[in-house]
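For reference, query.txt (compact mmCIF, C-alpha atoms and all ligand atoms):
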```txt
# COMPACT_ATOMS: atom_id res chain seq x y z
CA MET I 1 -31.58 152.69 112.23
CA LYS I 2 -33.01 152.58 115.75
CA THR I 3 -33.06 155.47 118.22
CA LEU I 4 -32.95 155.40 122.01
CA GLU I 5 -33.48 158.24 124.45
CA ILE I 6 -31.74 159.14 127.69
CA HIS I 7 -33.32 161.70 130.00
CA GLY I 8 -30.49 163.49 131.75
CA SER I 9 -30.92 166.11 134.45
CA LYS I 10 -29.47 168.76 132.13
CA GLY I 11 -31.14 167.58 128.92
CA ASP I 12 -32.04 164.61 126.76
CA SER I 13 -29.75 162.51 124.63
CA PHE I 14 -30.65 160.59 121.48
CA ILE I 15 -28.61 157.54 120.56
CA HIS I 16 -28.88 156.45 116.92
CA VAL I 17 -27.75 152.88 116.34
CA GLY I 18 -27.06 152.05 112.71
CA GLU I 19 -26.86 155.71 111.61
CA THR I 20 -23.79 156.66 109.56
CA LEU I 21 -21.02 159.22 109.92
CA ARG I 22 -21.90 160.44 106.42
CA ASN I 23 -25.22 161.74 107.82
CA LEU I 24 -23.59 163.70 110.65
CA GLY I 25 -24.49 166.97 108.92
CA LYS I 26 -28.18 166.32 109.62
CA TYR I 27 -27.61 166.52 113.36
CA ILE I 28 -25.52 169.68 113.65
CA PRO I 29 -25.78 173.32 112.62
CA SER I 30 -24.39 174.24 109.20
CA LYS I 31 -21.79 176.58 110.67
CA ASN I 32 -19.86 177.30 113.85
CA VAL I 33 -19.05 173.63 114.46
CA VAL I 34 -15.72 172.23 115.68
CA LEU I 35 -14.86 168.57 115.22
CA ILE I 36 -12.51 166.68 117.56
CA THR I 37 -11.05 163.33 116.54
CA ASP I 38 -7.84 161.31 116.94
CA LYS I 39 -5.17 160.63 114.35
CA ASN I 40 -6.26 157.03 113.61
CA VAL I 41 -9.88 157.90 113.07
CA LYS I 42 -8.86 160.90 110.97
CA GLN I 43 -6.68 158.72 108.78
CA TYR I 44 -9.49 156.28 108.02
CA TYR I 45 -12.49 158.56 107.88
CA GLU I 46 -11.60 162.21 107.35
CA ASN I 47 -13.09 162.15 103.86
CA HIS I 48 -16.50 161.45 105.42
CA PHE I 49 -16.27 164.37 107.89
CA PRO I 50 -18.39 167.46 107.20
CA PRO I 51 -16.29 170.55 106.30
CA HIS I 52 -15.68 172.17 109.72
CA PRO I 53 -12.52 173.08 111.63
CA LEU I 54 -10.91 169.92 112.99
CA ILE I 55 -8.82 169.28 116.10
CA THR I 56 -6.83 166.05 115.90
CA LEU I 57 -5.62 164.37 119.09
CA GLN I 58 -2.94 161.76 119.55
CA THR I 59 -4.08 158.35 120.83
CA GLY I 60 -3.85 156.37 124.06
CA GLU I 61 -4.93 156.73 127.66
CA GLU I 62 -1.86 158.97 128.35
CA ILE I 63 -3.39 161.83 126.37
CA LYS I 64 -6.57 161.87 128.46
CA THR I 65 -5.25 164.72 130.60
CA LEU I 66 -5.89 168.34 131.51
CA ASP I 67 -2.93 169.29 129.26
CA THR I 68 -4.82 167.98 126.24
CA VAL I 69 -7.93 169.81 127.44
CA ARG I 70 -5.90 173.03 127.66
CA ASP I 71 -4.52 172.56 124.14
CA ILE I 72 -8.08 172.17 122.88
CA TYR I 73 -9.27 175.32 124.71
CA GLU I 74 -6.42 177.17 123.01
CA LYS I 75 -7.48 175.94 119.57
CA LEU I 76 -11.08 176.86 120.31
CA VAL I 77 -9.96 180.40 121.17
CA GLU I 78 -7.96 180.47 117.93
CA PHE I 79 -11.08 179.38 116.00
CA GLU I 80 -12.97 182.16 117.81
CA ALA I 81 -15.41 179.60 119.19
CA ASP I 82 -18.23 181.22 121.16
CA ARG I 83 -21.32 180.19 123.14
CA SER I 84 -23.06 179.13 119.93
CA THR I 85 -20.24 176.80 118.85
CA TYR I 86 -21.21 173.14 118.51
CA ILE I 87 -18.58 170.50 119.36
CA VAL I 88 -18.60 166.99 117.90
CA GLY I 89 -16.31 164.21 119.15
CA ILE I 90 -15.66 161.59 116.45
CA GLY I 91 -13.84 158.59 117.86
CA GLY I 92 -13.64 156.06 120.66
CA GLY I 93 -14.08 156.51 124.39
CA ILE I 94 -10.99 158.66 124.74
CA VAL I 95 -11.99 161.24 122.15
CA CYS I 96 -15.59 161.30 123.40
CA ASP I 97 -14.65 161.59 127.11
CA ILE I 98 -12.32 164.51 126.34
CA ALA I 99 -14.61 166.23 123.81
CA GLY I 100 -17.55 165.96 126.23
CA PHE I 101 -15.50 167.46 129.05
CA VAL I 102 -14.22 170.31 126.90
CA ALA I 103 -17.72 171.06 125.59
CA SER I 104 -19.15 171.00 129.12
CA THR I 105 -16.60 173.47 130.47
CA TYR I 106 -15.60 175.81 127.63
CA LEU I 107 -17.52 179.06 128.23
CA ARG I 108 -19.42 177.17 130.95
CA GLY I 109 -20.72 174.70 128.42
CA VAL I 110 -21.57 174.55 124.72
CA ARG I 111 -23.75 172.08 122.80
CA PHE I 112 -22.14 168.79 121.79
CA GLY I 113 -22.65 165.36 120.23
CA PHE I 114 -20.62 162.24 119.42
CA VAL I 115 -19.94 159.87 116.56
CA SER I 116 -18.86 156.75 118.37
CA SER I 117 -16.30 154.73 116.43
CA THR I 118 -15.31 151.82 118.72
CA LEU I 119 -17.51 148.99 119.98
CA LEU I 120 -16.64 149.91 123.57
CA SER I 121 -17.65 153.52 123.14
CA GLN I 122 -20.87 152.55 121.35
CA VAL I 123 -22.09 150.19 124.07
CA ASP I 124 -20.54 151.94 127.05
CA ALA I 125 -18.49 155.14 126.96
CA SER I 126 -20.77 157.40 124.93
CA VAL I 127 -23.92 156.30 126.76
CA GLY I 128 -24.56 157.79 130.16
CA GLY I 129 -23.14 161.29 130.22
CA LYS I 130 -19.88 160.73 132.08
CA ASN I 131 -17.16 162.94 130.58
CA GLY I 132 -13.75 163.53 132.01
CA VAL I 133 -10.01 163.04 132.07
CA ASN I 134 -7.37 161.30 134.18
CA PHE I 135 -5.40 163.20 136.78
CA LYS I 136 -2.08 162.26 138.37
CA GLY I 137 -2.50 158.70 137.16
CA TYR I 138 -6.01 158.33 138.60
CA LYS I 139 -8.55 157.36 135.96
CA ASN I 140 -11.41 159.74 135.23
CA MET I 141 -10.59 161.75 138.35
CA VAL I 142 -11.80 165.09 136.94
CA GLY I 143 -15.05 165.29 135.05
CA VAL I 144 -18.73 166.08 134.79
CA PHE I 145 -22.06 164.39 134.21
CA ASN I 146 -23.54 165.90 131.07
CA GLN I 147 -25.37 164.19 128.21
CA PRO I 148 -24.38 164.70 124.55
CA GLU I 149 -27.35 165.82 122.46
CA PHE I 150 -26.85 162.87 120.14
CA VAL I 151 -24.65 159.83 119.68
CA ILE I 152 -24.27 158.25 116.25
CA CYS I 153 -23.25 154.59 116.54
CA ASP I 154 -22.03 153.87 113.00
CA LEU I 155 -21.57 150.09 112.85
CA ASN I 156 -19.64 150.30 109.57
CA LEU I 157 -16.80 152.08 111.33
CA LEU I 158 -16.14 148.92 113.36
CA LYS I 159 -14.74 147.22 110.24
CA THR I 160 -11.40 148.99 110.63
CA LEU I 161 -11.22 148.47 114.39
CA PRO I 162 -8.36 146.21 115.56
CA LYS I 163 -9.54 142.85 116.94
CA LYS I 164 -8.35 143.60 120.47
CA GLU I 165 -10.47 146.76 120.54
CA LEU I 166 -13.47 144.77 119.37
CA LEU I 167 -12.95 142.36 122.28
CA ASN I 168 -12.96 145.27 124.76
CA GLY I 169 -16.47 146.08 123.60
CA MET I 170 -17.57 142.44 123.57
CA ALA I 171 -16.67 142.10 127.26
CA GLU I 172 -19.05 144.96 128.10
CA ILE I 173 -21.80 143.41 125.97
CA VAL I 174 -21.44 140.09 127.84
CA LYS I 175 -21.57 142.11 131.07
CA HIS I 176 -24.83 143.78 130.03
CA GLY I 177 -26.40 140.39 129.26
CA ALA I 178 -25.12 138.88 132.52
CA ILE I 179 -26.47 141.65 134.76
CA GLU I 180 -29.76 142.45 133.11
CA ASP I 181 -30.79 140.46 130.05
CA ALA I 182 -30.82 136.66 129.96
CA SER I 183 -32.10 136.62 126.39
CA LEU I 184 -29.23 138.81 125.12
CA PHE I 185 -26.85 136.46 126.92
CA ALA I 186 -28.44 133.39 125.29
CA TYR I 187 -28.37 135.16 121.90
CA LEU I 188 -24.64 135.79 122.32
CA GLU I 189 -24.05 132.15 123.20
CA LYS I 190 -25.59 131.27 119.85
CA HIS I 191 -24.33 134.11 117.65
CA PHE I 192 -21.04 135.32 119.18
CA GLN I 193 -19.08 134.35 116.06
CA LYS I 194 -21.33 136.38 113.79
CA ALA I 195 -21.01 139.29 116.20
CA LEU I 196 -17.22 139.05 116.01
CA ASP I 197 -17.43 138.84 112.21
CA LEU I 198 -19.53 142.04 112.32
CA ASP I 199 -22.51 140.44 110.62
CA ILE I 200 -24.62 143.58 110.36
CA GLU I 201 -27.88 142.13 111.69
CA VAL I 202 -26.19 140.49 114.68
CA ILE I 203 -23.91 143.38 115.61
CA GLU I 204 -26.80 145.84 115.33
CA LYS I 205 -28.90 143.71 117.67
CA VAL I 206 -26.23 143.25 120.32
CA VAL I 207 -25.17 146.91 120.26
CA TYR I 208 -28.79 148.07 120.44
CA ASP I 209 -29.75 145.63 123.24
CA SER I 210 -26.66 146.60 125.15
CA ILE I 211 -27.48 150.31 124.94
CA VAL I 212 -31.09 149.58 125.97
CA ILE I 213 -29.71 148.05 129.17
CA LYS I 214 -27.20 150.79 129.91
CA SER I 215 -29.62 153.60 129.09
CA ALA I 216 -32.41 152.08 131.23
CA ILE I 217 -30.03 151.89 134.18
CA VAL I 218 -28.76 155.44 133.57
CA ASN I 219 -32.34 156.70 133.30
CA GLN I 220 -33.00 155.28 136.78
CA ASP I 221 -29.79 156.56 138.33
CA GLU I 222 -27.85 159.10 136.28
CA LEU I 223 -25.49 160.08 139.09
CA GLU I 224 -24.55 156.55 140.22
CA LYS I 225 -26.11 156.48 143.65
CA GLY I 226 -27.73 153.04 143.34
CA ALA I 227 -28.77 150.97 140.29
CA ARG I 228 -25.93 152.31 138.13
CA ARG I 229 -23.44 150.48 140.35
CA LYS I 230 -24.60 147.21 138.72
CA LEU I 231 -22.68 148.27 135.62
CA ASN I 232 -19.52 147.64 137.60
CA PHE I 233 -19.99 143.87 137.39
CA GLY I 234 -16.52 142.39 136.93
CA HIS I 235 -14.95 145.83 137.29
CA THR I 236 -13.76 145.73 140.92
CA PHE I 237 -11.27 142.98 140.14
CA GLY I 238 -11.08 144.20 136.55
CA HIS I 239 -9.75 147.64 137.45
CA ALA I 240 -7.25 146.11 139.87
CA PHE I 241 -5.91 143.78 137.15
CA GLU I 242 -5.85 146.54 134.57
CA LYS I 243 -3.81 148.72 136.91
CA THR I 244 -1.36 146.05 138.06
CA THR I 245 -0.81 144.10 134.84
CA GLY I 246 -1.62 146.62 132.12
CA VAL I 247 -3.84 144.19 130.20
CA PRO I 248 -6.59 145.80 128.09
CA HIS I 249 -9.78 146.79 129.90
CA GLY I 250 -11.95 144.07 128.32
CA GLU I 251 -9.51 141.31 129.23
CA ALA I 252 -9.28 142.52 132.83
CA VAL I 253 -13.06 142.78 133.12
CA SER I 254 -13.48 139.33 131.60
CA VAL I 255 -11.38 137.77 134.37
CA GLY I 256 -13.17 140.03 136.88
CA MET I 257 -16.56 138.69 135.76
CA VAL I 258 -15.38 135.10 136.17
CA MET I 259 -14.22 135.90 139.71
CA ALA I 260 -17.39 137.80 140.63
CA SER I 261 -19.39 134.82 139.33
CA ALA I 262 -17.32 132.48 141.53
CA ILE I 263 -18.01 134.64 144.59
CA SER I 264 -21.72 134.70 143.66
CA VAL I 265 -21.69 130.88 143.62
CA LYS I 266 -19.82 130.64 146.93
CA ARG I 267 -22.31 132.97 148.59
CA GLY I 268 -25.17 130.75 147.43
CA HIS I 269 -26.72 133.13 144.89
CA LEU I 270 -25.67 131.87 141.45
CA SER I 271 -25.73 128.24 140.27
CA ALA I 272 -22.41 126.69 139.29
CA ASP I 273 -24.01 125.92 135.94
CA ASN I 274 -24.65 129.58 135.21
CA ALA I 275 -21.18 130.60 136.34
CA GLY I 276 -19.91 127.97 133.89
CA ARG I 277 -21.96 129.48 131.05
CA ILE I 278 -20.40 132.90 131.67
CA LYS I 279 -16.88 131.50 131.67
CA THR I 280 -17.50 129.43 128.54
CA LEU I 281 -18.98 132.32 126.59
CA LEU I 282 -16.04 134.59 127.45
CA GLN I 283 -13.60 131.86 126.43
CA LYS I 284 -15.35 131.24 123.12
CA ILE I 285 -15.27 134.95 122.34
CA GLY I 286 -11.51 134.89 122.87
CA LEU I 287 -11.37 136.71 126.20
CA PRO I 288 -9.17 135.43 129.04
CA VAL I 289 -10.72 133.76 132.10
CA SER I 290 -7.56 133.72 134.21
CA ILE I 291 -4.58 135.99 134.62
CA HIS I 292 -1.05 136.09 136.04
CA ALA I 293 -0.85 138.87 138.56
CA GLU I 294 1.00 139.55 141.76
CA GLU I 295 -1.53 138.88 144.55
CA LYS I 296 -0.31 141.57 146.88
CA ARG I 297 -0.34 144.31 144.26
CA VAL I 298 -3.83 143.34 143.10
CA PHE I 299 -5.05 143.45 146.68
CA ASP I 300 -3.43 146.84 147.28
CA ALA I 301 -5.15 148.17 144.16
CA LEU I 302 -8.49 146.76 145.37
CA LYS I 303 -8.15 148.56 148.67
CA LYS I 304 -7.88 151.85 146.79
CA ASP I 305 -11.15 151.19 144.93
CA LYS I 306 -13.46 154.22 144.83
CA LYS I 307 -16.36 151.96 145.87
CA ARG I 308 -14.76 150.95 149.16
CA LYS I 309 -16.46 151.93 152.42
CA GLY I 310 -14.31 151.07 155.43
CA ASP I 311 -13.46 147.37 155.37
CA ARG I 312 -16.31 146.63 152.97
CA ILE I 313 -16.63 147.27 149.27
CA TYR I 314 -19.67 147.70 147.02
CA PHE I 315 -19.50 144.56 144.92
CA VAL I 316 -21.77 143.36 142.11
CA LEU I 317 -23.05 139.80 142.44
CA LEU I 318 -25.39 137.72 140.31
CA ASN I 319 -28.51 135.84 141.43
CA THR I 320 -28.77 134.34 138.01
CA ILE I 321 -27.82 135.30 134.46
CA GLY I 322 -29.80 138.49 133.80
CA ASN I 323 -30.18 139.47 137.45
CA ALA I 324 -27.52 141.34 139.39
CA PHE I 325 -27.50 143.06 142.76
CA VAL I 326 -25.01 145.09 144.77
CA ASP I 327 -23.86 144.07 148.22
CA GLN I 328 -21.22 145.42 150.54
CA ILE I 329 -18.82 142.57 151.03
CA PRO I 330 -15.72 142.41 153.24
CA VAL I 331 -12.49 143.31 151.44
CA LYS I 332 -11.03 140.24 153.19
CA GLU I 333 -13.35 137.98 151.18
CA LEU I 334 -11.98 139.44 147.94
CA GLU I 335 -8.46 138.81 149.19
CA ILE I 336 -9.33 135.14 149.74
CA GLU I 337 -10.76 134.95 146.22
CA ILE I 338 -7.56 136.40 144.72
CA HIS I 339 -5.62 133.81 146.66
CA THR I 340 -7.77 130.86 145.54
CA PHE I 341 -7.83 132.13 142.00
CA GLY I 342 -4.11 132.90 141.71
N1 LIG B 1 -17.66 157.83 129.88
C1 LIG B 1 -17.91 156.58 130.22
O1 LIG B 1 -18.97 156.24 130.76
C2 LIG B 1 -16.89 155.54 129.89
C3 LIG B 1 -17.24 154.18 129.93
C4 LIG B 1 -16.30 153.25 129.55
C5 LIG B 1 -15.04 153.67 129.14
N2 LIG B 1 -14.73 154.98 129.11
C6 LIG B 1 -13.41 155.45 128.68
O2 LIG B 1 -13.24 155.12 127.31
C7 LIG B 1 -11.85 155.00 127.04
C8 LIG B 1 -11.62 153.78 126.19
O3 LIG B 1 -12.35 153.92 125.00
P1 LIG B 1 -12.04 153.02 123.72
O4 LIG B 1 -11.90 151.62 124.12
O5 LIG B 1 -13.03 153.40 122.69
O6 LIG B 1 -10.55 153.47 123.35
P2 LIG B 1 -9.92 154.52 122.33
O7 LIG B 1 -10.73 155.75 122.22
O8 LIG B 1 -8.51 154.65 122.77
O9 LIG B 1 -9.95 153.74 120.94
C9 LIG B 1 -9.18 152.58 120.81
C10 LIG B 1 -8.22 152.66 119.61
O10 LIG B 1 -8.97 152.47 118.41
C11 LIG B 1 -8.71 153.53 117.49
N3 LIG B 1 -9.95 153.68 116.73
C12 LIG B 1 -11.09 154.28 117.13
N4 LIG B 1 -12.05 154.09 116.23
C13 LIG B 1 -11.51 153.36 115.22
C14 LIG B 1 -12.03 152.82 114.02
N5 LIG B 1 -13.33 152.94 113.68
N6 LIG B 1 -11.18 152.11 113.22
C15 LIG B 1 -9.86 151.93 113.58
N7 LIG B 1 -9.35 152.39 114.72
C16 LIG B 1 -10.16 153.10 115.54
C17 LIG B 1 -8.31 154.69 118.35
O11 LIG B 1 -7.53 155.60 117.63
C18 LIG B 1 -7.52 153.99 119.45
O12 LIG B 1 -6.21 153.73 119.01
C19 LIG B 1 -11.14 154.94 128.38
O13 LIG B 1 -10.44 156.15 128.61
C20 LIG B 1 -12.28 154.79 129.39
O14 LIG B 1 -12.01 155.41 130.63
C21 LIG B 1 -15.64 155.93 129.47
ZN ZN B 2 -15.76 148.67 131.50
```
Is it possible to express this structure as structure tokens?
Ligand SMILES: NC(=O)c1ccc[n+]([C@@H]2O[C@H](COP(=O)([O-])OP(=O)(O)OC[C@H]3O[C@@H](n4cnc5c(N)ncnc54)[C@H](O)[C@@H]3O)[C@@H](O)[C@H]2O)c1
Ligand SMILES: [Zn+2]
Amino acid sequence: MKTLEIHGSKGDSFIHVGETLRNLGKYIPSKNVVLITDKNVKQYYENHFPPHPLITLQTGEEIKTLDTVRDIYEKLVEFEADRSTYIVGIGGGIVCDIAGFVASTYLRGVRFGFVSSTLLSQVDASVGGKNGVNFKGYKNMVGVFNQPEFVICDLNLLKTLPKKELLNGMAEIVKHGAIEDASLFAYLEKHFQKALDLDIEVIEKVVYDSIVIKSAIVNQDELEKGARRKLNFGHTFGHAFEKTTGVPHGEAVSVGMVMASAISVKRGHLSADNAGRIKTLLQKIGLPVSIHAEEKRVFDALKKDKKRKGDRIYFVLLNTIGNAFVDQIPVKELEIEIHTFG
């Protein structure tokens, strides 16, 4: 097991990679704990949960709403939860985002931690202190920045994860290598198959290295005013594709990274060779590098991007593999790219 630390403005967070759900009891009080999970995770792993009251959520992005939050507050009242109650989210990004939001707001905030059960939540969602829910169809519209006290990344839990969920996480790992760590990227080029097969040594290394990158960026810029924007590599186009076509996040971001690499080449920053390496790695992993989408709808979605400022948009470009920077580029230029790409 390896541990990483995040220094948040409201407290520190310890991320334990390679720790197991069975040891959860070591990290929480012996009483006055409430567990929150979803029905899939419960079905596979309930017998490893410590004996505390359990709230089980349904699954899917549709349940990430204030209604679900309200239902949980009601259960907490029923359980007579008070300021000393400790909340633990056991699940993927959805469970952790909701559990973190509930814990941050119930009675103005109680202590909380996560057991992260998907690859995406291990390398992305549970690192960085963003907790929240969707509102009126807008993703993560209502939320808070607040770090969990601990995150357990149990790599054994990934064995039951459907392949498409594994790929969502892999896309973010490739992203971390592309923006910040050339050696992680080269390692993935060599060992991607073992990572997909969940070879314990390989998956532990790529999850750990990925969290090192995300946590270093979050430590510099917890509230996303500068460096943290780099984590959006591939996500400007990615979010637009996700919204307009409904493909899974990782697939959308994969295509987004290919397009952001192409723009980086056109602007004279990235070599065509390196853009080719990114595309090839994504393809080998089994992620798409092109997509069918209606140009106009994608462009409309882009224009609504939170990172837009007038007719320019904060966009993440690469100088080389392992070195990203953010520039404000004209929305028009993105439109041209959609057109050439489509
Ligand atoms: N807070 C952040 O910084 C941040 C970052 C990235 C993503 N997110 C959010 O995370 C969410 C996506 O998270 P996700 O991809 O983990 O999705 P998810 O939580 O929906 O999990 C994916 C599916 O896998 C199932 N599952 C979870 N663990 C399992 C296991 N070990 N074995 C078998 N099945 C399992 C779940 O029940 C679900 O059906 C989105 O809502 C996104 O907005 C948040
Ligand atoms: Zn993402």
- Message: Using only C-alpha atoms for the distances, tell me which of I:Arg111, I:His16, I:Lys159, I:Lys139 is nearest to Ile94 in chain I.
- Response: I:Lys139
Once you count only C-alpha atoms, what closest atom pair and distance in Å to one decimal does each residue of range 128-228 of chain I within 12 Å of range 3-14 of chain I have, with rows by chain and rising residue number, as CSV?
```
residue,atom,partner,partner_atom,distance
I:Gly128,CA,I:Ile6,CA,7.7
I:Gly129,CA,I:Gly8,CA,7.8
I:Lys130,CA,I:Gly8,CA,11.0
I:Val144,CA,I:Lys10,CA,11.4
I:Phe145,CA,I:Gly8,CA,8.8
I:Asn146,CA,I:Lys10,CA,6.7
I:Gln147,CA,I:Ser13,CA,5.9
I:Pro148,CA,I:Ser13,CA,5.8
I:Glu149,CA,I:Ser13,CA,4.6
I:Phe150,CA,I:Phe14,CA,4.6
I:Val151,CA,I:Phe14,CA,6.3
I:Ile152,CA,I:Phe14,CA,8.6
I:Cys153,CA,I:Thr3,CA,10.0
I:Glu204,CA,I:Thr3,CA,11.8
I:Val207,CA,I:Leu4,CA,11.6
I:Tyr208,CA,I:Leu4,CA,8.6
I:Asp209,CA,I:Leu4,CA,10.4
I:Ser210,CA,I:Leu4,CA,11.3
I:Ile211,CA,I:Leu4,CA,8.0
I:Val212,CA,I:Leu4,CA,7.3
I:Ile213,CA,I:Leu4,CA,10.8
I:Lys214,CA,I:Ile6,CA,9.8
I:Ser215,CA,I:Ile6,CA,6.1
I:Ala216,CA,I:Ile6,CA,7.9
I:Ile217,CA,I:Ile6,CA,9.9
I:Val218,CA,I:Ile6,CA,7.6
I:Asn219,CA,I:His7,CA,6.1
I:Gln220,CA,I:His7,CA,9.3
I:Asp221,CA,I:Gly8,CA,9.6
I:Glu222,CA,I:Gly8,CA,6.8
I:Leu223,CA,I:Ser9,CA,9.3
```
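Candidate residues I:Ile179, I:Ile98, I:Val110, I:Val326 were compared for distance to ligand LIG 1 (chain B), and the nearest is I:Ile98, using all atoms listed in the file.
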Could I get the residues of range 98-164 of chain I with an atom no further than 12 Å from an atom of range 186-196 of chain I, each paired with its nearest atom pair and that distance in Å to one decimal, using only C-alpha atoms, sorted by chain and residue number, as a Markdown table?
```
| residue | atom | partner | partner_atom | distance |
| --- | --- | --- | --- | --- |
| I:Leu119 | CA | I:Leu196 | CA | 10.7 |
| I:Leu155 | CA | I:Ala195 | CA | 11.3 |
| I:Leu158 | CA | I:Leu196 | CA | 10.3 |
| I:Lys159 | CA | I:Leu196 | CA | 10.3 |
| I:Leu161 | CA | I:Leu196 | CA | 11.3 |
| I:Pro162 | CA | I:Leu196 | CA | 11.4 |
| I:Lys163 | CA | I:Leu196 | CA | 8.6 |
| I:Lys164 | CA | I:Leu196 | CA | 10.9 |
```
- Query: Contacts of Lys39 in chain I at 6 Å or less, counting only C-alpha atoms, minus same-chain residues fewer than 2 places along, as a PyMOL selection string?
  - Reply: chain I and resi 41-42+56+58
- Distance in Å - atom N5 of ligand LIG 1 (chain B) versus CA of Gly169 in chain I: 12.5 Å
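Only residues having an atom at most 9 Å from (-20.4, 174.2, 112.7) are included; using only C-alpha atoms, these are Ile28, Pro29, Ser30, Lys31, Asn32, Val33, Val34, Leu35, Pro50, Pro51, His52, Pro53, Thr85, Tyr86 and Ile87 of chain I.
With only C-alpha atoms and all ligand atoms as the atoms that count, the minimum distance from ligand ZN 2 (chain B) to the choices I:Val95, I:Ala182, I:Ile63, I:Ile173 is reached by I:Ile173.
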- Message: Rounded to one decimal, what separation in Å do you get between CA of Lys75 in chain I and CA of Asp38 in chain I?
- Response: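 Result for CA of Lys75 in chain I versus CA of Asp38 in chain I: 14.9 Å, one decimal.
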Could you produce a table of the residues of chain I lying within 8 Å of ligand ZN 2 (chain B), with the nearest pair of atoms per residue and their separation in Å rounded to one decimal, using all atoms listed in the file, ordered by chain and increasing residue number, as a tab-separated table?
```
residue	atom	partner	partner_atom	distance
I:Asp124	CA	B:ZN2	ZN	7.3
I:Ala171	CA	B:ZN2	ZN	7.9
I:Glu172	CA	B:ZN2	ZN	6.0
I:Asn232	CA	B:ZN2	ZN	7.2
I:His235	CA	B:ZN2	ZN	6.5
I:His249	CA	B:ZN2	ZN	6.5
I:Gly250	CA	B:ZN2	ZN	6.8
I:Val253	CA	B:ZN2	ZN	6.7
```
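Computed from the coordinates, the CA of Arg228 in chain I to CA of Lys304 in chain I distance equals 20.0 Å.
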- Query: Hey, what's within 8 Å of range 293-302 of chain I if we count only C-alpha atoms and toss same-chain stuff fewer than 5 positions away? As a list in words, please?
  - Reply: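 Those residues are Thr236, Phe237, Ala240, Phe241, Lys243, Thr244, Thr245, Glu335, Ile338, His339 and Gly342 of chain I.
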For Val133 in chain I: contacts at 7 Å, only C-alpha atoms, fewer than 3 positions along chain excluded, given as a PDB file with C-alpha atoms, in the coordinates of the input:
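The file below, part09.pdb, is the result:
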```pdb
ATOM      1  CA  LYS I  64      -6.570 161.870 128.460  1.00  0.00           C
ATOM      2  CA  THR I  65      -5.250 164.720 130.600  1.00  0.00           C
ATOM      3  CA  LEU I  66      -5.890 168.340 131.510  1.00  0.00           C
ATOM      4  CA  ASP I  97     -14.650 161.590 127.110  1.00  0.00           C
ATOM      5  CA  ILE I  98     -12.320 164.510 126.340  1.00  0.00           C
ATOM      6  CA  ASN I 140     -11.410 159.740 135.230  1.00  0.00           C
ATOM      7  CA  MET I 141     -10.590 161.750 138.350  1.00  0.00           C
ATOM      8  CA  VAL I 142     -11.800 165.090 136.940  1.00  0.00           C
ATOM      9  CA  GLY I 143     -15.050 165.290 135.050  1.00  0.00           C
TER      10      GLY I 143
END
```
Axis-aligned box for ligand LIG 1 (chain B), 5 Å per side, centre and edges in Å as JSON:
```
{"center_x": -12.6, "center_y": 154.7, "center_z": 122.0, "size_x": 22.8, "size_y": 16.2, "size_z": 27.5}
```
- Shortest interatomic distance to ligand LIG 1 (chain B) - which of I:Leu57, I:Ile329, I:Met1, I:Ala125, counting all atoms listed in the file: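 Smallest distance to ligand LIG 1 (chain B) is found for I:Ala125.
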- Message: Under the rule that only C-alpha atoms and all ligand atoms are counted, which of I:Lys332, I:Lys309, I:Lys279, I:His239 is the nearest residue to ligand LIG 1 (chain B)?
- Response: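 The closest residue to ligand LIG 1 (chain B) is I:His239.
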- Among the residues I:Arg83, I:Arg22, I:His48, I:Lys205, the one that comes closest to Gly109 in chain I [using only C-alpha atoms]: I:Arg83
- Message: If we count all atoms listed in the file and set the cut-off at 8 Å, which residues sit around Ile321 in chain I, ignoring sequence neighbours fewer than 6 positions away in its own chain? Please answer as a PyMOL selection string.
- Response: chain I and resi 177-182+185+274
Take the residues from that selection and put them in a file with C-alpha atoms, as a PDB file, keeping the file's coordinate frame.
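Ended up saving to result-v1.pdb:
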```pdb
ATOM      1  CA  GLY I 177     -26.400 140.390 129.260  1.00  0.00           C
ATOM      2  CA  ALA I 178     -25.120 138.880 132.520  1.00  0.00           C
ATOM      3  CA  ILE I 179     -26.470 141.650 134.760  1.00  0.00           C
ATOM      4  CA  GLU I 180     -29.760 142.450 133.110  1.00  0.00           C
ATOM      5  CA  ASP I 181     -30.790 140.460 130.050  1.00  0.00           C
ATOM      6  CA  ALA I 182     -30.820 136.660 129.960  1.00  0.00           C
ATOM      7  CA  PHE I 185     -26.850 136.460 126.920  1.00  0.00           C
ATOM      8  CA  ASN I 274     -24.650 129.580 135.210  1.00  0.00           C
TER       9      ASN I 274
END
```
